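The structure appears right after this line, and notes come after that.
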Amino acid sequence: MAKQALLIIDMINRMDFVGAENLYTNTVEIVEPIVELKQLAKREGIPVIYVNDNFGMWKKSYNELVDYCSDGMGKGWIDRLRPTEDDYFIYKPMHSGFYGTQLNLMLQDLGIDHLIMTGIAGDMCVLFTAKDAYIEGYSMWVPENAIASEEQVYNEAALHIIHRLTSCDISKFDGKIHEA
């Protein structure tokens, strides 16, 4: 059986950029599935890894970054998804969670071979992270009701591309963790 990790991508976010209003609206719909996935992952001993933009705050702790982002539009879900001491937190400089980060080394150290990917933006950061995860040899589940993009059509396109290129599971989170 595959050893899994839950990735929560860019959900710690001020949402203070052009297009944020649309992304905010679409993100509200995925918060509950991600919260439930995180709770279930914790109960099942699956590591939770936040992979997040740093917003130029390289010298700040993740708690300081979370507090900074909590002043923005995403406050409601940030409060619900706040990382805990036993979660992992990785800053990323670009779209992919693998590019310029220690994510792959961490996953290898933890013995992970299957990723559950959630977060925003589906058509950018989730897509690029999924592409790199595939190249690194990970199998994936990208629940369609746990990623969001500024425009629903782009989110659906991203899911189609992820599935087509990686043959990964993109079925909805339905209250249980899907096996690899």
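In the structure tokens, chains take the letters A, B, ... in the order shown, each chain's residues start at 1, and ligands count up from 1 in the order shown.
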
Requested in this report: Quick one: everything within 9 Å of Cys69 in chain A, counting only C-alpha atoms, minus sequence neighbours fewer than 6 positions away in the same chain. Send it as a PyMOL selection string.
Outcome: chain A and resi 12-15+75+78

Query - Those in range 94-138 of chain A with helix (DSSP H, G or I) from DSSP, as a VMD selection string - result: chain A and resid 103 to 110 122 to 135

Report task. Identify, on the basis of only C-alpha atoms, every residue whose closest approach to Asp87 in chain A does not exceed 7 Å; exclude the query and any residue fewer than 2 positions from it along the same chain; express the result as a PyMOL selection string. Result -> chain A and resi 47-49+83-85+89

Requested in this report: Excluding Val66 in chain A and residues on its chain fewer than 4 positions from it, collect all residues at most 12 Å away from it, counting only C-alpha atoms, and give them as an MDAnalysis selection string.
Outcome: chainID A and resid 10:14 50 52:55 57 60:62 70:72 74:75 77:84 89 91

Keeping only N, CA, C and O atoms, write the selected residues to a file as an mmCIF file, in the first residue's frame.
```cif
data_model
loop_
_atom_site.group_PDB
_atom_site.id
_atom_site.type_symbol
_atom_site.label_atom_id
_atom_site.label_comp_id
_atom_site.auth_asym_id
_atom_site.auth_seq_id
_atom_site.Cartn_x
_atom_site.Cartn_y
_atom_site.Cartn_z
ATOM 1 N N ASP A 10 -1.088 26.780 -1.255
ATOM 2 C CA ASP A 10 -1.402 28.214 -1.316
ATOM 3 C C ASP A 10 -2.725 28.626 -0.670
ATOM 4 O O ASP A 10 -3.238 29.712 -0.956
ATOM 5 N N MET A 11 -3.259 27.816 0.224
ATOM 6 C CA MET A 11 -4.503 28.209 0.900
ATOM 7 C C MET A 11 -4.271 29.293 1.948
ATOM 8 O O MET A 11 -5.214 29.932 2.388
ATOM 9 N N ILE A 12 -3.026 29.496 2.349
ATOM 10 C CA ILE A 12 -2.693 30.600 3.240
ATOM 11 C C ILE A 12 -2.373 31.770 2.311
ATOM 12 O O ILE A 12 -1.288 31.851 1.743
ATOM 13 N N ASN A 13 -3.342 32.659 2.138
ATOM 14 C CA ASN A 13 -3.255 33.648 1.073
ATOM 15 C C ASN A 13 -4.085 34.877 1.434
ATOM 16 O O ASN A 13 -5.241 34.751 1.839
ATOM 17 N N ARG A 14 -3.513 36.061 1.253
ATOM 18 C CA ARG A 14 -4.228 37.320 1.529
ATOM 19 C C ARG A 14 -5.325 37.601 0.503
ATOM 20 O O ARG A 14 -6.236 38.360 0.763
ATOM 21 N N TYR A 50 1.854 21.858 4.063
ATOM 22 C CA TYR A 50 1.470 23.116 3.436
ATOM 23 C C TYR A 50 2.598 23.535 2.511
ATOM 24 O O TYR A 50 3.764 23.562 2.915
ATOM 25 N N ASN A 52 3.404 26.706 0.186
ATOM 26 C CA ASN A 52 2.797 28.030 0.106
ATOM 27 C C ASN A 52 3.736 29.075 -0.465
ATOM 28 O O ASN A 52 4.942 29.041 -0.216
ATOM 29 N N ASP A 53 3.141 30.025 -1.209
ATOM 30 C CA ASP A 53 3.901 31.203 -1.619
ATOM 31 C C ASP A 53 4.401 31.900 -0.368
ATOM 32 O O ASP A 53 3.776 31.834 0.691
ATOM 33 N N ASN A 54 5.529 32.589 -0.518
ATOM 34 C CA ASN A 54 6.112 33.258 0.644
ATOM 35 C C ASN A 54 5.805 34.749 0.694
ATOM 36 O O ASN A 54 6.082 35.391 1.692
ATOM 37 N N PHE A 55 5.263 35.306 -0.379
ATOM 38 C CA PHE A 55 4.907 36.725 -0.449
ATOM 39 C C PHE A 55 6.090 37.625 -0.089
ATOM 40 O O PHE A 55 5.928 38.685 0.509
ATOM 41 N N MET A 57 8.336 37.063 2.091
ATOM 42 C CA MET A 57 8.593 37.029 3.539
ATOM 43 C C MET A 57 9.534 35.871 3.898
ATOM 44 O O MET A 57 9.260 35.076 4.792
ATOM 45 N N LYS A 60 10.501 35.340 7.625
ATOM 46 C CA LYS A 60 9.422 35.207 8.603
ATOM 47 C C LYS A 60 9.110 33.733 8.856
ATOM 48 O O LYS A 60 9.258 32.888 7.976
ATOM 49 N N SER A 61 8.647 33.446 10.052
ATOM 50 C CA SER A 61 8.201 32.090 10.357
ATOM 51 C C SER A 61 6.854 31.852 9.674
ATOM 52 O O SER A 61 6.172 32.798 9.281
ATOM 53 N N TYR A 62 6.468 30.596 9.579
ATOM 54 C CA TYR A 62 5.175 30.326 8.949
ATOM 55 C C TYR A 62 4.039 30.921 9.775
ATOM 56 O O TYR A 62 3.024 31.340 9.225
ATOM 57 N N SER A 70 -3.858 36.405 7.319
ATOM 58 C CA SER A 70 -5.157 36.438 8.015
ATOM 59 C C SER A 70 -5.809 37.812 7.985
ATOM 60 O O SER A 70 -6.994 37.935 8.296
ATOM 61 N N ASP A 71 -5.061 38.827 7.611
ATOM 62 C CA ASP A 71 -5.630 40.174 7.479
ATOM 63 C C ASP A 71 -6.338 40.376 6.143
ATOM 64 O O ASP A 71 -6.923 41.422 5.910
ATOM 65 N N GLY A 72 -6.282 39.378 5.272
ATOM 66 C CA GLY A 72 -6.878 39.511 3.944
ATOM 67 C C GLY A 72 -8.229 38.830 3.832
ATOM 68 O O GLY A 72 -8.828 38.392 4.815
ATOM 69 N N GLY A 74 -9.060 35.937 2.766
ATOM 70 C CA GLY A 74 -9.117 34.518 3.098
ATOM 71 C C GLY A 74 -9.161 34.207 4.580
ATOM 72 O O GLY A 74 -9.072 33.038 4.971
ATOM 73 N N LYS A 75 -9.320 35.219 5.412
ATOM 74 C CA LYS A 75 -9.281 35.033 6.863
ATOM 75 C C LYS A 75 -10.170 33.890 7.345
ATOM 76 O O LYS A 75 -9.762 33.082 8.174
ATOM 77 N N TRP A 77 -11.206 31.066 5.970
ATOM 78 C CA TRP A 77 -10.692 29.707 5.801
ATOM 79 C C TRP A 77 -9.307 29.553 6.398
ATOM 80 O O TRP A 77 -8.944 28.458 6.803
ATOM 81 N N ILE A 78 -8.531 30.630 6.468
ATOM 82 C CA ILE A 78 -7.213 30.517 7.103
ATOM 83 C C ILE A 78 -7.381 30.122 8.567
ATOM 84 O O ILE A 78 -6.653 29.270 9.082
ATOM 85 N N ASP A 79 -8.351 30.701 9.235
ATOM 86 C CA ASP A 79 -8.615 30.327 10.629
ATOM 87 C C ASP A 79 -8.938 28.838 10.744
ATOM 88 O O ASP A 79 -8.521 28.174 11.686
ATOM 89 N N ARG A 80 -9.652 28.296 9.775
ATOM 90 C CA ARG A 80 -10.048 26.879 9.808
ATOM 91 C C ARG A 80 -8.925 25.946 9.358
ATOM 92 O O ARG A 80 -8.910 24.777 9.733
ATOM 93 N N LEU A 81 -8.024 26.464 8.545
ATOM 94 C CA LEU A 81 -6.949 25.631 8.002
ATOM 95 C C LEU A 81 -5.572 25.958 8.593
ATOM 96 O O LEU A 81 -4.556 25.507 8.073
ATOM 97 N N ARG A 82 -5.548 26.731 9.647
ATOM 98 C CA ARG A 82 -4.272 27.142 10.243
ATOM 99 C C ARG A 82 -3.395 25.915 10.505
ATOM 100 O O ARG A 82 -3.835 24.942 11.111
ATOM 101 N N PRO A 83 -2.142 25.959 10.023
ATOM 102 C CA PRO A 83 -1.235 24.833 10.284
ATOM 103 C C PRO A 83 -1.034 24.635 11.791
ATOM 104 O O PRO A 83 -1.005 25.599 12.554
ATOM 105 N N THR A 84 -0.894 23.382 12.182
ATOM 106 C CA THR A 84 -0.611 23.057 13.573
ATOM 107 C C THR A 84 0.862 22.663 13.692
ATOM 108 O O THR A 84 1.551 22.473 12.675
ATOM 109 N N PHE A 89 5.499 22.755 6.730
ATOM 110 C CA PHE A 89 5.233 23.997 5.998
ATOM 111 C C PHE A 89 6.451 24.314 5.146
ATOM 112 O O PHE A 89 7.564 24.429 5.660
ATOM 113 N N TYR A 91 7.920 26.917 2.086
ATOM 114 C CA TYR A 91 7.795 28.098 1.236
ATOM 115 C C TYR A 91 8.204 27.728 -0.182
ATOM 116 O O TYR A 91 9.188 27.025 -0.378
#
```

Listing only residues of range 20-53 of chain A within 7 Å of range 145-161 of chain A, what is the closest atom pair and its distance in Å (to one decimal) for each, using only C-alpha atoms, sorted by chain and residue number ascending, as a Markdown table?
```
| residue | atom | partner | partner_atom | distance |
| --- | --- | --- | --- | --- |
| A:Asn22 | CA | A:Glu150 | CA | 5.0 |
| A:Leu23 | CA | A:Glu150 | CA | 4.0 |
| A:Asn26 | CA | A:Ala148 | CA | 5.8 |
| A:Thr27 | CA | A:Ala148 | CA | 5.4 |
| A:Ile30 | CA | A:Ala146 | CA | 4.9 |
| A:Pro33 | CA | A:Ala146 | CA | 6.0 |
| A:Ile34 | CA | A:Ala146 | CA | 5.9 |
```

Put those residues in a file: C-alpha atoms, as an mmCIF file, in the first residue's frame.
```cif
data_model
loop_
_atom_site.group_PDB
_atom_site.id
_atom_site.type_symbol
_atom_site.label_atom_id
_atom_site.label_comp_id
_atom_site.auth_asym_id
_atom_site.auth_seq_id
_atom_site.Cartn_x
_atom_site.Cartn_y
_atom_site.Cartn_z
ATOM 1 C CA ASN A 22 -13.124 35.466 -8.552
ATOM 2 C CA LEU A 23 -10.633 33.124 -6.931
ATOM 3 C CA ASN A 26 -14.467 29.738 -6.120
ATOM 4 C CA THR A 27 -12.218 28.934 -3.160
ATOM 5 C CA ILE A 30 -13.434 23.972 -1.604
ATOM 6 C CA PRO A 33 -13.607 19.404 1.602
ATOM 7 C CA ILE A 34 -10.032 20.452 2.420
#
```
